[in-house]
$ cat entry-v4.txt   # compact mmCIF, C-alpha atoms
# COMPACT_ATOMS: atom_id res chain seq x y z
CA MET A 1 -45.94 32.14 58.56
CA LYS A 2 -45.44 29.69 61.40
CA ILE A 3 -42.43 27.34 61.27
CA GLU A 4 -44.79 24.36 61.70
CA MET A 5 -46.40 25.20 58.34
CA LEU A 6 -43.04 25.25 56.61
CA LEU A 7 -41.97 21.80 57.79
CA PRO A 8 -44.09 19.76 55.34
CA ALA A 9 -42.78 21.76 52.39
CA VAL A 10 -39.21 21.25 53.55
CA LEU A 11 -39.54 17.61 54.53
CA LEU A 12 -41.45 16.40 51.48
CA PRO A 13 -38.53 16.68 49.02
CA LEU A 14 -36.27 15.00 51.55
CA MET A 15 -38.77 12.18 52.06
CA LEU A 16 -39.04 11.66 48.31
CA LEU A 17 -35.27 11.65 47.99
CA CYS A 18 -34.93 9.05 50.73
CA SER A 19 -37.59 6.89 49.12
CA CYS A 20 -35.63 6.66 45.86
CA ARG A 21 -34.13 3.25 45.13
CA THR A 22 -30.40 3.84 45.69
CA VAL A 23 -27.59 1.98 47.41
CA CYS A 24 -27.56 2.87 51.08
CA ASN A 25 -24.16 2.02 52.59
CA ASP A 26 -25.55 1.06 55.98
CA SER A 27 -28.32 -1.23 54.75
CA ALA A 28 -26.15 -2.74 52.02
CA GLN A 29 -23.45 -3.56 54.56
CA ASP A 30 -25.91 -5.56 56.66
CA GLY A 31 -25.97 -8.49 54.26
CA LEU A 32 -22.25 -8.56 53.44
CA PRO A 33 -19.74 -11.05 54.90
CA LYS A 34 -19.03 -10.27 58.52
CA GLY A 35 -15.63 -9.47 59.97
CA LYS A 36 -14.59 -7.28 57.04
CA LYS A 37 -15.23 -3.70 55.97
CA TRP A 38 -16.51 -3.16 52.46
CA LYS A 39 -16.61 -0.29 49.98
CA LEU A 40 -18.95 -0.27 46.99
CA VAL A 41 -16.88 0.11 43.79
CA TRP A 42 -19.34 -0.78 41.01
CA SER A 43 -23.04 -1.51 40.74
CA ASP A 44 -26.06 -1.54 38.53
CA GLU A 45 -29.40 -0.98 40.28
CA PHE A 46 -31.29 -1.28 36.97
CA ASN A 47 -33.23 1.92 37.54
CA GLY A 48 -35.13 3.51 34.67
CA THR A 49 -36.29 1.81 31.50
CA GLU A 50 -33.07 1.67 29.45
CA LEU A 51 -30.13 -0.69 29.90
CA ASP A 52 -26.88 1.13 30.72
CA LYS A 53 -24.75 0.16 27.74
CA THR A 54 -21.68 1.73 29.31
CA LYS A 55 -21.84 -1.20 31.76
CA TRP A 56 -23.22 -4.11 29.73
CA GLY A 57 -22.78 -5.78 26.38
CA PHE A 58 -24.16 -9.06 25.04
CA ARG A 59 -22.51 -12.37 24.36
CA ARG A 60 -23.22 -13.75 20.89
CA HIS A 61 -20.75 -16.64 20.64
CA LEU A 62 -19.64 -19.68 22.60
CA ILE A 63 -16.20 -21.17 21.89
CA GLN A 64 -15.96 -19.37 18.49
CA GLN A 65 -19.41 -20.51 17.40
CA LYS A 66 -22.28 -18.09 16.92
CA HIS A 67 -25.00 -18.98 19.38
CA ASP A 68 -28.14 -17.90 17.55
CA THR A 69 -30.41 -18.28 20.57
CA PHE A 70 -28.64 -15.45 22.46
CA CYS A 71 -31.16 -12.73 21.63
CA GLY A 72 -29.40 -9.69 23.10
CA GLU A 73 -31.38 -6.54 23.80
CA GLU A 74 -34.60 -7.99 22.43
CA GLY A 75 -34.95 -10.20 25.49
CA VAL A 76 -34.10 -7.51 28.04
CA GLN A 77 -36.69 -5.37 29.76
CA LEU A 78 -36.18 -2.78 32.51
CA ASP A 79 -39.54 -2.31 34.18
CA GLY A 80 -38.97 1.19 35.58
CA LYS A 81 -39.29 -0.15 39.11
CA GLY A 82 -35.65 -1.11 39.59
CA PHE A 83 -35.71 -4.59 38.06
CA ILE A 84 -34.36 -6.07 34.84
CA HIS A 85 -36.18 -9.00 33.24
CA LEU A 86 -34.20 -11.42 31.10
CA ASN A 87 -37.07 -12.86 29.11
CA LEU A 88 -37.55 -16.17 27.36
CA ILE A 89 -38.71 -15.52 23.79
CA GLU A 90 -40.24 -17.83 21.17
CA LYS A 91 -40.26 -17.26 17.41
CA ASP A 92 -41.42 -19.83 14.87
CA GLY A 93 -40.75 -22.73 17.21
CA GLN A 94 -37.29 -21.52 18.23
CA PHE A 95 -36.48 -20.13 21.69
CA TYR A 96 -34.18 -17.27 22.63
CA SER A 97 -32.89 -15.56 25.78
CA PRO A 98 -30.27 -12.89 26.65
CA HIS A 99 -26.69 -13.36 27.83
CA MET A 100 -25.23 -10.15 29.33
CA GLN A 101 -21.58 -9.42 30.11
CA THR A 102 -19.25 -6.56 31.07
CA GLY A 103 -16.32 -7.86 29.01
CA GLU A 104 -15.46 -10.79 26.77
CA ASN A 105 -13.08 -13.71 26.39
CA PHE A 106 -10.56 -13.25 23.61
CA LEU A 107 -11.18 -16.75 22.22
CA ASP A 108 -14.96 -16.59 22.31
CA ARG A 109 -15.63 -14.98 18.94
CA PRO A 110 -14.33 -16.56 15.70
CA GLY A 111 -11.30 -14.98 14.11
CA ASP A 112 -11.56 -12.08 11.73
CA LYS A 113 -11.25 -13.06 8.07
CA PRO A 114 -9.48 -13.22 5.76
CA TYR A 115 -6.85 -15.28 7.52
CA SER A 116 -3.28 -15.35 6.37
CA ARG A 117 -0.13 -17.28 7.22
CA PHE A 118 0.86 -14.67 9.78
CA LEU A 119 -2.47 -13.70 11.32
CA TRP A 120 -3.75 -15.67 14.27
CA PRO A 121 -7.36 -16.87 13.79
CA VAL A 122 -8.50 -14.76 16.74
CA ALA A 123 -11.06 -11.97 16.71
CA GLU A 124 -10.13 -8.37 17.36
CA MET A 125 -9.87 -7.80 21.11
CA LYS A 126 -11.99 -5.02 22.56
CA PRO A 127 -11.68 -3.16 25.87
CA ALA A 128 -13.95 -4.40 28.63
CA LYS A 129 -16.67 -2.24 30.11
CA PHE A 130 -15.78 -3.49 33.59
CA THR A 131 -13.30 -5.98 35.02
CA HIS A 132 -12.20 -6.43 38.60
CA SER A 133 -10.19 -8.74 40.84
CA TYR A 134 -10.90 -9.83 44.39
CA GLY A 135 -13.66 -8.37 46.56
CA TYR A 136 -17.30 -9.27 47.08
CA TYR A 137 -19.74 -9.77 44.20
CA GLU A 138 -23.48 -9.99 44.80
CA ILE A 139 -26.69 -10.37 42.84
CA ARG A 140 -30.25 -10.21 44.08
CA CYS A 141 -32.49 -12.12 41.73
CA LYS A 142 -35.56 -14.27 41.26
CA LEU A 143 -35.25 -17.53 39.33
CA GLN A 144 -37.32 -18.29 36.27
CA LYS A 145 -40.36 -20.51 36.78
CA LYS A 146 -40.58 -22.78 33.74
CA PRO A 147 -38.26 -25.64 32.62
CA GLY A 148 -36.03 -25.85 29.56
CA TRP A 149 -33.68 -22.93 30.18
CA TRP A 150 -31.16 -21.92 32.83
CA SER A 151 -29.63 -18.88 34.45
CA ALA A 152 -26.29 -17.99 36.03
CA PHE A 153 -24.30 -15.21 37.69
CA TRP A 154 -20.57 -15.65 37.14
CA LEU A 155 -17.12 -14.22 36.44
CA GLN A 156 -14.77 -15.07 33.60
CA SER A 157 -11.23 -14.05 32.69
CA PRO A 158 -10.66 -12.45 29.27
CA ILE A 159 -7.67 -14.80 28.81
CA ILE A 160 -8.73 -18.01 30.56
CA GLY A 161 -6.86 -21.02 29.20
CA ALA A 162 -4.09 -18.95 27.59
CA SER A 163 -1.61 -20.80 29.81
CA LEU A 164 -1.63 -23.60 32.39
CA ASP A 165 -1.10 -21.06 35.17
CA ALA A 166 -4.63 -20.35 36.43
CA GLU A 167 -3.33 -17.62 38.72
CA LYS A 168 -2.10 -15.64 35.71
CA THR A 169 -4.84 -16.47 33.20
CA GLY A 170 -7.91 -16.68 35.40
CA VAL A 171 -10.59 -18.98 36.73
CA GLU A 172 -14.23 -19.17 35.71
CA ILE A 173 -16.18 -18.56 38.93
CA ASP A 174 -19.82 -19.58 38.78
CA ILE A 175 -21.36 -17.82 41.75
CA MET A 176 -24.84 -19.21 41.05
CA GLU A 177 -26.17 -21.57 38.43
CA ASN A 178 -29.73 -22.84 38.24
CA PHE A 179 -30.53 -25.55 35.70
CA THR A 180 -33.77 -27.04 37.00
CA ARG A 181 -37.02 -25.85 38.52
CA ASP A 182 -36.71 -27.94 41.68
CA GLY A 183 -35.06 -25.26 43.82
CA LYS A 184 -31.50 -26.50 43.33
CA VAL A 185 -28.57 -24.21 42.60
CA SER A 186 -24.83 -24.79 42.44
CA SER A 187 -21.49 -22.97 42.52
CA ASN A 188 -18.45 -24.02 40.50
CA ILE A 189 -14.95 -23.03 39.47
CA HIS A 190 -13.26 -23.98 36.19
CA TRP A 191 -9.68 -23.43 35.05
CA GLY A 192 -7.24 -24.54 32.38
CA GLY A 193 -9.50 -23.43 29.55
CA TYR A 194 -12.21 -25.54 27.94
CA ALA A 195 -10.30 -28.29 26.18
CA LYS A 196 -8.15 -31.22 27.39
CA ASN A 197 -6.58 -29.15 30.17
CA HIS A 198 -9.93 -28.23 31.72
CA GLU A 199 -10.27 -28.77 35.48
CA HIS A 200 -13.21 -28.22 37.78
CA LYS A 201 -14.46 -28.11 41.36
CA GLY A 202 -18.09 -27.76 42.36
CA SER A 203 -20.45 -27.49 45.28
CA GLY A 204 -22.86 -30.07 43.96
CA HIS A 205 -26.57 -29.35 44.21
CA ILE A 206 -27.59 -26.93 46.95
CA GLN A 207 -31.26 -27.27 47.82
CA LEU A 208 -33.06 -24.01 48.49
CA ASP A 209 -35.88 -24.06 51.01
CA SER A 210 -37.98 -22.27 48.39
CA GLN A 211 -37.41 -21.26 44.80
CA ASP A 212 -39.99 -18.48 44.95
CA GLY A 213 -39.13 -14.84 45.54
CA PHE A 214 -35.84 -12.94 45.53
CA ARG A 215 -32.58 -14.22 47.00
CA THR A 216 -29.04 -12.91 47.13
CA TYR A 217 -26.05 -14.90 45.87
CA GLY A 218 -22.56 -13.67 46.65
CA LEU A 219 -18.86 -14.41 46.32
CA ASP A 220 -15.99 -13.31 48.54
CA TRP A 221 -12.92 -13.69 46.30
CA SER A 222 -9.73 -13.31 48.35
CA LYS A 223 -6.11 -14.41 48.22
CA ASP A 224 -7.12 -17.36 50.40
CA GLY A 225 -9.79 -18.68 48.04
CA TYR A 226 -13.48 -18.33 47.27
CA THR A 227 -16.36 -18.23 49.74
CA PHE A 228 -19.87 -18.42 48.32
CA TYR A 229 -23.01 -17.10 50.01
CA ILE A 230 -26.76 -17.50 49.70
CA ASP A 231 -28.82 -14.91 51.55
CA GLY A 232 -25.80 -13.94 53.62
CA GLU A 233 -24.97 -17.48 54.74
CA VAL A 234 -21.93 -19.45 53.58
CA SER A 235 -23.00 -22.07 51.04
CA TRP A 236 -19.64 -23.39 49.75
CA LYS A 237 -15.89 -22.75 49.84
CA ALA A 238 -13.09 -23.49 47.40
CA ASP A 239 -9.44 -22.88 48.29
CA GLY A 240 -8.21 -22.47 44.74
CA PRO A 241 -6.60 -22.10 42.35
CA VAL A 242 -7.06 -18.40 42.97
CA SER A 243 -7.18 -16.11 39.97
CA ASP A 244 -4.95 -13.04 40.27
CA VAL A 245 -6.28 -11.32 37.15
CA GLU A 246 -9.20 -8.99 36.59
CA GLN A 247 -12.34 -10.72 35.36
CA PHE A 248 -15.65 -9.57 33.90
CA ILE A 249 -19.19 -10.17 35.12
CA LEU A 250 -21.89 -12.17 33.37
CA ILE A 251 -25.62 -12.46 33.97
CA SER A 252 -26.57 -15.20 31.60
CA THR A 253 -29.51 -17.25 30.48
CA GLU A 254 -29.45 -20.04 27.93
CA CYS A 255 -32.05 -22.24 26.27
CA MET A 256 -31.32 -25.94 26.62
CA GLY A 257 -30.94 -28.29 23.68
CA TYR A 258 -29.15 -26.01 21.24
CA ARG A 259 -25.66 -27.08 22.32
CA GLN A 260 -26.46 -30.58 21.07
CA SER A 261 -28.39 -29.56 17.97
CA LYS A 262 -28.51 -26.06 16.55
CA ASP A 263 -32.16 -26.22 15.52
CA LYS A 264 -33.65 -28.45 18.21
CA PRO A 265 -34.62 -26.90 21.54
CA SER A 266 -35.21 -28.93 24.64
CA PRO A 267 -38.62 -30.63 24.61
CA LYS A 268 -39.23 -28.88 27.92
CA LEU A 269 -39.29 -25.55 26.10
CA LYS A 270 -42.90 -24.98 25.15
CA LYS A 271 -44.72 -21.96 23.83
CA GLU A 272 -47.37 -22.32 26.51
CA ASN A 273 -44.65 -21.82 29.15
CA LEU A 274 -44.43 -18.15 28.19
CA PRO A 275 -44.11 -15.57 29.56
CA ASP A 276 -41.16 -16.41 31.80
CA ALA A 277 -38.16 -14.39 32.98
CA PHE A 278 -35.06 -14.40 35.15
CA VAL A 279 -35.46 -11.18 37.15
CA VAL A 280 -32.57 -9.24 38.68
CA ASP A 281 -32.83 -6.51 41.29
CA TYR A 282 -29.18 -5.43 41.37
CA VAL A 283 -25.55 -6.43 40.87
CA ARG A 284 -22.95 -4.93 43.25
CA VAL A 285 -19.19 -5.20 43.63
CA TYR A 286 -17.34 -4.28 46.82
CA ASP A 287 -13.69 -4.02 47.77
CA GLU A 288 -12.44 -4.97 51.22
CA VAL A 289 -10.99 -1.98 53.04
CA GLU A 290 -8.75 -1.85 56.11

$ encode --input "entry-v4.txt" --output "structure tokens"
Amino acid sequence: MKIEMLLPAVLLPLMLLCSCRTVCNDSAQDGLPKGKKWKLVWSDEFNGTELDKTKWGFRRHLIQQKHDTFCGEEGVQLDGKGFIHLNLIEKDGQFYSPHMQTGENFLDRPGDKPYSRFLWPVAEMKPAKFTHSYGYYEIRCKLQKKPGWWSAFWLQSPIIGASLDAEKTGVEIDIMENFTRDGKVSSNIHWGGYAKNHEHKGSGHIQLDSQDGFRTYGLDWSKDGYTFYIDGEVSWKADGPVSDVEQFILISTECMGYRQSKDKPSPKLKKENLPDAFVVDYVRVYDEVE
């Protein structure tokens, strides 16, 4: 048999392999902050049709209160094409959406009962699925289309607010938040916990040239501060305080209105707005290397 006849049989498997949706170091490096070398240390490409539960869990509480509109797995759909859809759901006039995380804050869930004089009213602490400090964090995503709910990509410390030293107890780092359907996003940092000691810095509204289609949002977290990116371009910087503790990742959505009244969604949430979804292509974490 001639060698020319063998080539298609040899090349076809290689072509199929190359066409698979995987992280290519060269192409992935193209969109990363310039002037540094990066190594991929964690990612989820959302391949297949099942969520990788070794990487993700679901938030159910906010500040020790059960948040009934966090619907967990029910709102999550992997489409088999490399995308995860965080869907808005309606049931009997109430609206729900998922809130995913790779760890949890130790004060988030209410304490385990029964309490006693010598038991702190704090829930049992569980090991995180993934935490990390410093490096570059990136999401590629497409914003939802209808009003009344919001999405975010952010990092939180498991022990934020446990002391007044933000370096030791962490900083909430909101890489991207989108509250409205007018193409505006923002980045923020919060420290000191969520009570009287809370402090905050923010980018203010950043107007996107278009809210359609996929974009990348990234964070370079270094000893010198935080640099935020949209589509590879610097969008905001904050010099600190700089967290020196490992933090977990969140991809969150939340229906508006329920923080003010448990049973009353935002009037902007309407059944006719469905279907709607916050769609994510990938989440990747890189370390800077010498």

$ atom_distance --input "entry-v4.txt" --atom1 "atom CA of Lys264 of chain A" --atom2 "atom CA of Arg59 of chain A"
20.5 Å

$ atom_distance --input "entry-v4.txt" --atom1 "atom CA of Phe83 of chain A" --atom2 "atom CA of Glu272 of chain A"
24.2 Å

$ atom_distance --input "entry-v4.txt" --atom1 "atom CA of Gln77 of chain A" --atom2 "atom CA of Thr49 of chain A"
7.4 Å

$ closest_residue --input "entry-v4.txt" --among "A:Gly31, A:Gly75, A:Gly148, A:Pro110" --to "Asn178 of chain A" --atoms "only C-alpha atoms"
A:Gly148

$ closest_residue --input "entry-v4.txt" --among "A:Lys126, A:Lys237, A:Arg181, A:Lys146" --to "Ser222 of chain A" --atoms "only C-alpha atoms"
A:Lys237

$ residues_around --input "entry-v4.txt" --residues "Ala162 of chain A" --least-positions-apart "4" --cutoff "10 Å" --atoms "all atoms listed in the file" --output "list of chain:residue names"
A:Phe106, A:Leu107, A:Pro158, A:Ala166, A:Lys168, A:Thr169, A:Gly170, A:Gly192, A:Gly193

$ write_last_selection --input "entry-v4.txt" --atoms "C-alpha atoms" --output "short mmCIF file (atom, residue, chain, number, x, y, z; two decimals), keeping the file's coordinate frame"
data_model
loop_
_atom_site.label_atom_id
_atom_site.label_comp_id
_atom_site.auth_asym_id
_atom_site.auth_seq_id
_atom_site.Cartn_x
_atom_site.Cartn_y
_atom_site.Cartn_z
CA PHE A 106 -10.56 -13.25 23.61
CA LEU A 107 -11.18 -16.75 22.22
CA PRO A 158 -10.66 -12.45 29.27
CA ALA A 166 -4.63 -20.35 36.43
CA LYS A 168 -2.10 -15.64 35.71
CA THR A 169 -4.84 -16.47 33.20
CA GLY A 170 -7.91 -16.68 35.40
CA GLY A 192 -7.24 -24.54 32.38
CA GLY A 193 -9.50 -23.43 29.55
#

$ decode --input "entry-v4.txt" --residues "segment 143-183 of chain A" --atoms "N, CA and C atoms" --output "PDB file, in the first residue's frame"
ATOM      1  N   LEU A 143     -23.314  37.545  29.247  1.00  0.00           N
ATOM      2  CA  LEU A 143     -24.259  38.051  30.234  1.00  0.00           C
ATOM      3  C   LEU A 143     -25.688  37.641  29.896  1.00  0.00           C
ATOM      4  N   GLN A 144     -26.509  37.561  30.927  1.00  0.00           N
ATOM      5  CA  GLN A 144     -27.926  37.292  30.723  1.00  0.00           C
ATOM      6  C   GLN A 144     -28.572  38.466  29.981  1.00  0.00           C
ATOM      7  N   LYS A 145     -29.748  38.238  29.429  1.00  0.00           N
ATOM      8  CA  LYS A 145     -30.364  39.236  28.554  1.00  0.00           C
ATOM      9  C   LYS A 145     -31.519  39.999  29.191  1.00  0.00           C
ATOM     10  N   LYS A 146     -32.163  39.432  30.197  1.00  0.00           N
ATOM     11  CA  LYS A 146     -33.380  40.023  30.739  1.00  0.00           C
ATOM     12  C   LYS A 146     -33.129  40.636  32.114  1.00  0.00           C
ATOM     13  N   PRO A 147     -33.904  41.673  32.507  1.00  0.00           N
ATOM     14  CA  PRO A 147     -33.679  42.360  33.775  1.00  0.00           C
ATOM     15  C   PRO A 147     -34.204  41.576  34.974  1.00  0.00           C
ATOM     16  N   GLY A 148     -33.822  42.058  36.181  1.00  0.00           N
ATOM     17  CA  GLY A 148     -34.360  41.497  37.409  1.00  0.00           C
ATOM     18  C   GLY A 148     -33.447  40.519  38.129  1.00  0.00           C
ATOM     19  N   TRP A 149     -32.311  40.182  37.509  1.00  0.00           N
ATOM     20  CA  TRP A 149     -31.356  39.312  38.207  1.00  0.00           C
ATOM     21  C   TRP A 149     -29.955  39.689  37.758  1.00  0.00           C
ATOM     22  N   TRP A 150     -28.951  39.264  38.528  1.00  0.00           N
ATOM     23  CA  TRP A 150     -27.582  39.713  38.265  1.00  0.00           C
ATOM     24  C   TRP A 150     -26.596  38.561  38.373  1.00  0.00           C
ATOM     25  N   SER A 151     -25.408  38.807  37.838  1.00  0.00           N
ATOM     26  CA  SER A 151     -24.385  37.769  37.798  1.00  0.00           C
ATOM     27  C   SER A 151     -23.054  38.347  38.234  1.00  0.00           C
ATOM     28  N   ALA A 152     -22.154  37.462  38.686  1.00  0.00           N
ATOM     29  CA  ALA A 152     -20.845  37.916  39.164  1.00  0.00           C
ATOM     30  C   ALA A 152     -19.840  36.769  39.110  1.00  0.00           C
ATOM     31  N   PHE A 153     -18.578  37.167  38.987  1.00  0.00           N
ATOM     32  CA  PHE A 153     -17.431  36.258  39.079  1.00  0.00           C
ATOM     33  C   PHE A 153     -16.513  36.866  40.117  1.00  0.00           C
ATOM     34  N   TRP A 154     -16.248  36.140  41.223  1.00  0.00           N
ATOM     35  CA  TRP A 154     -15.548  36.769  42.330  1.00  0.00           C
ATOM     36  C   TRP A 154     -14.829  35.760  43.202  1.00  0.00           C
ATOM     37  N   LEU A 155     -14.026  36.294  44.138  1.00  0.00           N
ATOM     38  CA  LEU A 155     -13.260  35.495  45.090  1.00  0.00           C
ATOM     39  C   LEU A 155     -13.619  35.939  46.501  1.00  0.00           C
ATOM     40  N   GLN A 156     -13.669  34.978  47.408  1.00  0.00           N
ATOM     41  CA  GLN A 156     -13.954  35.309  48.804  1.00  0.00           C
ATOM     42  C   GLN A 156     -13.069  34.473  49.719  1.00  0.00           C
ATOM     43  N   SER A 157     -12.681  35.051  50.834  1.00  0.00           N
ATOM     44  CA  SER A 157     -11.905  34.326  51.837  1.00  0.00           C
ATOM     45  C   SER A 157     -12.834  33.506  52.721  1.00  0.00           C
ATOM     46  N   PRO A 158     -12.423  32.302  53.109  1.00  0.00           N
ATOM     47  CA  PRO A 158     -13.231  31.519  54.054  1.00  0.00           C
ATOM     48  C   PRO A 158     -13.367  32.186  55.418  1.00  0.00           C
ATOM     49  N   ILE A 159     -12.459  33.131  55.747  1.00  0.00           N
ATOM     50  CA  ILE A 159     -12.472  33.724  57.087  1.00  0.00           C
ATOM     51  C   ILE A 159     -12.540  35.247  57.037  1.00  0.00           C
ATOM     52  N   ILE A 160     -13.101  35.805  55.974  1.00  0.00           N
ATOM     53  CA  ILE A 160     -13.166  37.260  55.864  1.00  0.00           C
ATOM     54  C   ILE A 160     -13.908  37.854  57.061  1.00  0.00           C
ATOM     55  N   GLY A 161     -13.352  38.927  57.612  1.00  0.00           N
ATOM     56  CA  GLY A 161     -13.979  39.595  58.746  1.00  0.00           C
ATOM     57  C   GLY A 161     -13.653  39.005  60.094  1.00  0.00           C
ATOM     58  N   ALA A 162     -12.841  37.926  60.135  1.00  0.00           N
ATOM     59  CA  ALA A 162     -12.505  37.312  61.413  1.00  0.00           C
ATOM     60  C   ALA A 162     -11.561  38.175  62.228  1.00  0.00           C
ATOM     61  N   SER A 163     -10.901  39.142  61.588  1.00  0.00           N
ATOM     62  CA  SER A 163     -10.096  40.129  62.303  1.00  0.00           C
ATOM     63  C   SER A 163     -10.089  41.405  61.473  1.00  0.00           C
ATOM     64  N   LEU A 164      -9.498  42.466  61.995  1.00  0.00           N
ATOM     65  CA  LEU A 164      -9.421  43.720  61.267  1.00  0.00           C
ATOM     66  C   LEU A 164      -8.237  43.755  60.307  1.00  0.00           C
ATOM     67  N   ASP A 165      -7.438  42.700  60.301  1.00  0.00           N
ATOM     68  CA  ASP A 165      -6.279  42.619  59.429  1.00  0.00           C
ATOM     69  C   ASP A 165      -6.693  41.933  58.133  1.00  0.00           C
ATOM     70  N   ALA A 166      -6.986  42.735  57.097  1.00  0.00           N
ATOM     71  CA  ALA A 166      -7.458  42.173  55.828  1.00  0.00           C
ATOM     72  C   ALA A 166      -6.412  41.295  55.169  1.00  0.00           C
ATOM     73  N   GLU A 167      -5.136  41.592  55.410  1.00  0.00           N
ATOM     74  CA  GLU A 167      -4.081  40.766  54.829  1.00  0.00           C
ATOM     75  C   GLU A 167      -4.175  39.336  55.332  1.00  0.00           C
ATOM     76  N   LYS A 168      -4.545  39.167  56.600  1.00  0.00           N
ATOM     77  CA  LYS A 168      -4.570  37.842  57.210  1.00  0.00           C
ATOM     78  C   LYS A 168      -5.926  37.153  57.080  1.00  0.00           C
ATOM     79  N   THR A 169      -6.995  37.929  56.909  1.00  0.00           N
ATOM     80  CA  THR A 169      -8.323  37.307  56.864  1.00  0.00           C
ATOM     81  C   THR A 169      -9.025  37.461  55.522  1.00  0.00           C
ATOM     82  N   GLY A 170      -8.411  38.162  54.576  1.00  0.00           N
ATOM     83  CA  GLY A 170      -8.911  38.135  53.221  1.00  0.00           C
ATOM     84  C   GLY A 170      -9.727  39.334  52.796  1.00  0.00           C
ATOM     85  N   VAL A 171      -9.896  39.425  51.492  1.00  0.00           N
ATOM     86  CA  VAL A 171     -10.607  40.519  50.841  1.00  0.00           C
ATOM     87  C   VAL A 171     -11.560  39.908  49.818  1.00  0.00           C
ATOM     88  N   GLU A 172     -12.815  40.333  49.834  1.00  0.00           N
ATOM     89  CA  GLU A 172     -13.708  39.944  48.755  1.00  0.00           C
ATOM     90  C   GLU A 172     -13.288  40.686  47.492  1.00  0.00           C
ATOM     91  N   ILE A 173     -13.049  39.951  46.419  1.00  0.00           N
ATOM     92  CA  ILE A 173     -12.586  40.542  45.156  1.00  0.00           C
ATOM     93  C   ILE A 173     -13.618  40.235  44.082  1.00  0.00           C
ATOM     94  N   ASP A 174     -14.391  41.244  43.720  1.00  0.00           N
ATOM     95  CA  ASP A 174     -15.418  41.080  42.694  1.00  0.00           C
ATOM     96  C   ASP A 174     -14.800  41.415  41.340  1.00  0.00           C
ATOM     97  N   ILE A 175     -14.449  40.383  40.602  1.00  0.00           N
ATOM     98  CA  ILE A 175     -13.776  40.570  39.327  1.00  0.00           C
ATOM     99  C   ILE A 175     -14.732  41.169  38.296  1.00  0.00           C
ATOM    100  N   MET A 176     -15.974  40.683  38.288  1.00  0.00           N
ATOM    101  CA  MET A 176     -17.002  41.223  37.413  1.00  0.00           C
ATOM    102  C   MET A 176     -18.356  41.094  38.079  1.00  0.00           C
ATOM    103  N   GLU A 177     -19.096  42.190  38.092  1.00  0.00           N
ATOM    104  CA  GLU A 177     -20.487  42.158  38.515  1.00  0.00           C
ATOM    105  C   GLU A 177     -21.319  42.875  37.466  1.00  0.00           C
ATOM    106  N   ASN A 178     -22.485  42.309  37.163  1.00  0.00           N
ATOM    107  CA  ASN A 178     -23.382  42.917  36.188  1.00  0.00           C
ATOM    108  C   ASN A 178     -24.791  42.920  36.760  1.00  0.00           C
ATOM    109  N   PHE A 179     -25.289  44.120  37.072  1.00  0.00           N
ATOM    110  CA  PHE A 179     -26.592  44.253  37.718  1.00  0.00           C
ATOM    111  C   PHE A 179     -27.708  44.645  36.757  1.00  0.00           C
ATOM    112  N   THR A 180     -27.363  45.287  35.658  1.00  0.00           N
ATOM    113  CA  THR A 180     -28.367  45.840  34.756  1.00  0.00           C
ATOM    114  C   THR A 180     -28.129  45.374  33.336  1.00  0.00           C
ATOM    115  N   ARG A 181     -29.114  45.557  32.495  1.00  0.00           N
ATOM    116  CA  ARG A 181     -29.006  45.096  31.113  1.00  0.00           C
ATOM    117  C   ARG A 181     -28.630  46.228  30.166  1.00  0.00           C
ATOM    118  N   ASP A 182     -27.879  47.191  30.647  1.00  0.00           N
ATOM    119  CA  ASP A 182     -27.468  48.325  29.820  1.00  0.00           C
ATOM    120  C   ASP A 182     -25.980  48.277  29.476  1.00  0.00           C
ATOM    121  N   GLY A 183     -25.382  47.086  29.580  1.00  0.00           N
ATOM    122  CA  GLY A 183     -23.986  46.932  29.194  1.00  0.00           C
ATOM    123  C   GLY A 183     -22.997  47.511  30.169  1.00  0.00           C
TER     124      GLY A 183
END
